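Worksheet: the structure to be examined is printed underneath.
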Amino acid sequence: MASKLIKDYFRTDKLPHIWCPGCGHGILMRSVAQAIDNLGLDKDKVCIVSGIGCSSRAPGYMDFNTLHTTHGRALAFATGVKLARPELEVIVVTGDGDCAAIGGNHLIHAARRNINITTVVFNNNIYGMTGGQYSPTTPTNEFGTTAPYGNIDKPFDIPALAGAAGATYTARGTAYHAKQLTKLVEKGIKNKGFSLIEGISICPTYYGRKNKKGSAVDMMNWLKDNAVDIKVAEKLPKEKLEGKFLIGEFKNTTEPEYTEEYMKIIERFQKER
Amino acid sequence: MKSRKVKLMQGNEACVEGAIAAGMRFYGGYPITPSTEIAEISAVKLPAVGGKFIQMEDEIGGIAAAIGGSLAGLKSMTATSGPGFSLKQENLGYAAIAEIPLVVVNVQRGGPSTGLPTAPAQGDVMQAKWGTHGDHPIIALSPSSVRETFDVTVRAFNLAEKYRTPVVILTDEVVGHMREKIEIPDPSEIEIIDRKKPEVDPENYLPYEVKDGELVPPMAAFGDGYRFHVTGLTHDETGFPSNSSEIAEALLNRLMNKINANLDDILDYEEFMCDDAEIVVFSYGSTARSAKSAVKKLREEGIKVGLFRPITIWPFPEEKVYELSKKVKSIIVAEMNLGQLVLEVERVSKGNCKVSHLGKANGEVITPNEIVSRVKEVL
């Protein structure tokens with residue numbers, strides 16, 4: 001039987017989803033829905049926008065105003081929706097390739113504008129939909145079908161990239177730390193400005209198999225053992241953080257929000273009348 | 001009381017005036033010569049009417065934001081020139097398959113690549129039809145004057161809204177930058193068409209369902225309470241993706257049909273002194289101005305020549321040109337490219353008359369004298 005969350009926020013006739021067995025994306029998608037539920041948002045006033053790739057199939061399953069766009073362009077479409085209708089809560093679901101490679105320019109500029117959009121990156125460290133090519137977050141020396149001799153690229157730290165570009169809220173969670181991720185998405189939605197939450201997913205089918213990461217359970221255990229909360233990390237000596245990655249809230253600041261600033265320009269004309 | 005403003009303005013300004021008169025309330029774009037004034041003037045004028053302007057980070061973002069704005073319920077436009085038009089092609093196809101009302105202005109300049117940024121050309125005519133991948137419908141309009149740029153822009157919005165399709169305005173550097181005195185019609189004189197909204201309640205709304213005999217589905221906006229799905233994937237009437245060949249065929253047929261079954265409404269052209277003409281110059285955009293001047297000169301010499309000027313470029317006025325080809329001895333296609341619409345004229349003339357091309361792609365306009373000489377050669 002479907003849970004209340006699923007019945008309330010998903011298009012149950014579109015389920016089951018197309019993701020592979022063991023994929024972490026379903027957990028991340030659930031976190032987004034749970035965050036929306038926790039905040040009590042009106043479904044009619046939520047718009048979920050995605051690009052192309054595994055992550056970007058999520059909106060099709062979710063019972064909101066949903067927009068599945070072209071590869072890399074989710075944030076540009078979302079910017080149009082948000083500016084045209086600022087009362088909508090606009091959430092972008094994207095992947096590591098979608099937002100940090102082909103859509104990298106839109107990512108940094110949406111962050112720079114501090115437009116009130118919440119971006120949730122489903123990062124599986126690989127291009128899954130096309131069968132396992134290295135992405136901008138595939139770690140150096142790991143393998144993809146297009147990195148048969150090991151990846152010589154350096155990976156992006158997506159929250160750091162977004163934060164440096166001007167996002168006012170950045171955070172990272174994982175598919176293992178689902179409850180924490182829900183809270184981070186919630187805070188991101190509440191932030192009046194551009195928020196980016198990276199959700200580390202697992203891809204046992206392509207990334208895992210290509211890099212001998214074991215089963216989905218092994219990969220979940222890896223997330224559990226290697227993610228260190230930033231608050232804990234602050235108290236740990238450097239050597240204890242070797243090979244680990246940070247989760248938690250990285251940036252939470254307040255800056256003027258784009259659509260509000262634009263409305264001020266419009267209001268100036270209305271006053272003059 | 002009707003109030004008609006008389007103003008000296010350039011084509012690019014008339015485009016924005018027409019757009020706002022037609023109801024444009026969203027502009028997303030990126031600066032590029034020779035279309036930049038359209039962005040600049042939109043930035044100035046939109047806030048005053050409660051509309052939104054955004055300069056995006058690139059050309060792709062410009063059209064993407066405009067599509068987003070349209071889905072949120074605002075009449076939206078983007079403008080560009082050659083290189084930017086190339087960049088926008090993928091999302092132009094998105095707007096075609098997802099049936100998003102949208103106006104895309106291309107103030108044509110010399111190409112290929114960066115080409116001749118400040119010189120006119122008509123080299124993007126085929127690209128307007130075939131630039132994005134896959135079979136798809138497109139409407140493209142080409143104005144010849146500043147005043148006509150105003151009218152054509154209003155019409156572009158009306159057609160975009162009525163048929164839920166992207167409409168391309170193919171102007172050029174000459175029409176975009178030339179200044180003419182124009183009389184802007186009173187708002188009461190301008191016909192405005194808005195997209196049809198759904199009449200069913202949200203539970204029964206299928207975003208791509210058409211009623212019997214209709215070809216264009218009503219369109220809700222995000223936030224209206226309809227919670228529908230939009231995708232660039234081939235989809236059924238629910239808006240969700242499908243791999244079924246029957247559904248793909250039905251969708252494409254309907255998309256093509258909504259244009260092809262409404263040619264009487266969409267096609268627009270001017271015939272000038274064609275009635276007794278033995279030779280017809282086929283020309284559009286700024287080149288048609290030279291052609292008209294050439295026809296007048298030649299008529300003074302008693303030469304039976306006329307001008308056929310398509311204002312709707314796509315869909316191509318096939319039947320009209322076919323009829324013409326049966327009446328005349330020769331059609332001369334004058335256009336600022338090395339042979340684009342001439343291919344269509346040849347195709348639809350079916351050998352009924354001689355078809356020749358007077359083309360130029362060096363950044364210079366085709367002059368009336370060049371057309372006069374060509375007509376005399378053909379005589």
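Residues in the structure tokens are numbered from 1 in each chain, the chains being A, B, ... in the order shown, and ligands are numbered from 1 in the order shown.
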### Query
range 115-126 of chain A: which residues within 8 Å, counting only C-alpha atoms, same-chain residues fewer than 3 positions away excluded, as an MDAnalysis selection string?
chainID A and resid 25 28 55 78:79 82 89:97 99 110:111 132:139 144 185 188:189 191:203 206:207 257:259
### Message
as a VMD selection string, could you give me every residue of chain B near chain A (at most 6 Å apart, counting only C-alpha atoms)?
### Response
chain B and resid 47 to 48 50 61 64 to 66 68 to 69 72 222 to 223 225 227 to 231
Skipping near chain neighbours, those fewer than 4 positions away, what residues fall within 9 Å of Thr36 in chain B using only C-alpha atoms, listed as a PDB file with N, CA and C atoms, in the first residue's frame?
```
ATOM      1  N   ASN B  12      13.457  47.880 -35.122  1.00  0.00           N
ATOM      2  CA  ASN B  12      13.585  47.151 -33.858  1.00  0.00           C
ATOM      3  C   ASN B  12      12.691  47.745 -32.773  1.00  0.00           C
ATOM      4  N   TYR B  30      19.492  37.945 -24.898  1.00  0.00           N
ATOM      5  CA  TYR B  30      20.931  38.141 -24.776  1.00  0.00           C
ATOM      6  C   TYR B  30      21.316  39.141 -25.863  1.00  0.00           C
ATOM      7  N   PRO B  31      22.232  40.066 -25.565  1.00  0.00           N
ATOM      8  CA  PRO B  31      22.533  41.095 -26.571  1.00  0.00           C
ATOM      9  C   PRO B  31      23.248  40.521 -27.797  1.00  0.00           C
ATOM     10  N   ILE B  32      22.818  40.901 -28.969  1.00  0.00           N
ATOM     11  CA  ILE B  32      23.547  40.551 -30.192  1.00  0.00           C
ATOM     12  C   ILE B  32      23.168  41.535 -31.303  1.00  0.00           C
ATOM     13  N   GLU B  40      17.061  46.157 -25.466  1.00  0.00           N
ATOM     14  CA  GLU B  40      17.180  47.424 -24.724  1.00  0.00           C
ATOM     15  C   GLU B  40      15.828  48.095 -24.534  1.00  0.00           C
ATOM     16  N   ILE B  41      15.052  48.148 -25.613  1.00  0.00           N
ATOM     17  CA  ILE B  41      13.770  48.855 -25.531  1.00  0.00           C
ATOM     18  C   ILE B  41      12.774  48.041 -24.690  1.00  0.00           C
ATOM     19  N   ALA B  79      14.704  37.815 -28.792  1.00  0.00           N
ATOM     20  CA  ALA B  79      15.182  38.311 -30.091  1.00  0.00           C
ATOM     21  C   ALA B  79      16.667  38.041 -30.208  1.00  0.00           C
ATOM     22  N   THR B  80      17.115  37.854 -31.436  1.00  0.00           N
ATOM     23  CA  THR B  80      18.506  37.501 -31.648  1.00  0.00           C
ATOM     24  C   THR B  80      18.906  37.782 -33.090  1.00  0.00           C
ATOM     25  N   SER B  81      20.111  37.332 -33.444  1.00  0.00           N
ATOM     26  CA  SER B  81      20.558  37.372 -34.825  1.00  0.00           C
ATOM     27  C   SER B  81      21.339  36.081 -35.078  1.00  0.00           C
TER      28      SER B  81
END
```
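With CA of Glu319 in chain B on one side and CA of Gly339 in chain B on the other, the separation reads 20.7 Å.
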### Query
Excluding same-chain residues fewer than 3 positions from Leu181 in chain A, what lies within 8 Å of it counting only C-alpha atoms, as a list of chain:residue names?
A:Leu28, A:Ser31, A:Arg172, A:Gly173, A:Thr174, A:Ala175, A:His177, A:Ala178, A:Leu184, A:Val185, A:Gly199
### Message
With distances taken over only C-alpha atoms, which residue among B:Asp58, B:Glu344, B:Asp201, B:Asp275 lies nearest Thr78 in chain B?
### Response
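Selected residue with least distance to Thr78 in chain B: B:Asp58.
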#### Entry: Which of range 53-233 of chain A DSSP labels alpha helix (DSSP H), written as a ChimeraX atom specification
/A:58-61,74-84,96-97,104-113,158-165,178-190,209-210,216-226,230-233
### Message
Taking 6 positions as the minimum chain separation for residues in the same chain, which residues sit within 8 Å of Thr312 in chain B when counting only C-alpha atoms? Answer as a PyMOL selection string.
### Response
chain B and resi 139-142+266-269
### Task
Give the strand (DSSP E or B) residues of range 182-259 of chain B, as DSSP finds them on the backbone, and put them as a list in words.
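Residues meeting the strand (DSSP E or B) criterion: Ile182, Glu183, Ile184, His229, Val230, Thr231, His235 and Pro241 of chain B.
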Using the selection just defined, write its residues with N, CA and C atoms as a PDB file, in the first residue's frame.
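And here's part_24.pdb as it stands now:
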```
ATOM      1  N   ILE B 182       6.101  56.384 -38.557  1.00  0.00           N
ATOM      2  CA  ILE B 182       4.956  55.471 -38.583  1.00  0.00           C
ATOM      3  C   ILE B 182       3.838  55.964 -37.677  1.00  0.00           C
ATOM      4  N   GLU B 183       2.659  55.546 -38.041  1.00  0.00           N
ATOM      5  CA  GLU B 183       1.497  55.856 -37.224  1.00  0.00           C
ATOM      6  C   GLU B 183       1.139  54.592 -36.460  1.00  0.00           C
ATOM      7  N   ILE B 184       1.242  54.692 -35.139  1.00  0.00           N
ATOM      8  CA  ILE B 184       0.898  53.518 -34.333  1.00  0.00           C
ATOM      9  C   ILE B 184      -0.609  53.505 -34.113  1.00  0.00           C
ATOM     10  N   HIS B 229       1.968  18.228 -16.641  1.00  0.00           N
ATOM     11  CA  HIS B 229       3.362  17.907 -16.932  1.00  0.00           C
ATOM     12  C   HIS B 229       3.692  18.329 -18.361  1.00  0.00           C
ATOM     13  N   VAL B 230       4.861  18.929 -18.514  1.00  0.00           N
ATOM     14  CA  VAL B 230       5.317  19.352 -19.843  1.00  0.00           C
ATOM     15  C   VAL B 230       6.677  18.725 -20.101  1.00  0.00           C
ATOM     16  N   THR B 231       6.854  18.147 -21.273  1.00  0.00           N
ATOM     17  CA  THR B 231       8.131  17.507 -21.600  1.00  0.00           C
ATOM     18  C   THR B 231       8.443  17.700 -23.078  1.00  0.00           C
ATOM     19  N   HIS B 235       4.911  12.688 -26.402  1.00  0.00           N
ATOM     20  CA  HIS B 235       3.978  12.471 -25.296  1.00  0.00           C
ATOM     21  C   HIS B 235       2.563  12.243 -25.826  1.00  0.00           C
ATOM     22  N   PRO B 241       5.406  11.119 -21.267  1.00  0.00           N
ATOM     23  CA  PRO B 241       6.116  10.506 -22.391  1.00  0.00           C
ATOM     24  C   PRO B 241       5.554   9.155 -22.804  1.00  0.00           C
TER      25      PRO B 241
END
```
### Pick from A:Cys54, A:Leu41, A:Ile247, A:Leu15, whichever lies nearest to Pro159 in chain A using only C-alpha atoms
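Using only C-alpha atoms, the shortest distance to Pro159 in chain A belongs to A:Ile247.
For Leu341 in chain B, the residues within 8 Å (counting only C-alpha atoms, excluding itself and residues fewer than 6 positions away along the chain) are Val125, Met126, Val333 and Glu335 of chain B.
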### Message
To one decimal place in Å, what is the distance between CA of Ser286 in chain B and CA of Pro185 in chain B?
### Response
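About the pair CA of Ser286 in chain B and CA of Pro185 in chain B: they are 22.5 Å apart.
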### Interatomic distance (Å, one decimal) between CA of Asn141 in chain A and CA of Asp153 in chain A
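Calculated distance between CA of Asn141 in chain A and CA of Asp153 in chain A is 8.2 Å.
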### Query
If we count only C-alpha atoms, what is near Ile60 in chain B at a cut-off of 8 Å, once residues fewer than 5 positions away on the same chain are taken out, given as a PyMOL selection string?
(chain A and resi 73) or (chain B and resi 84+87-88+91)
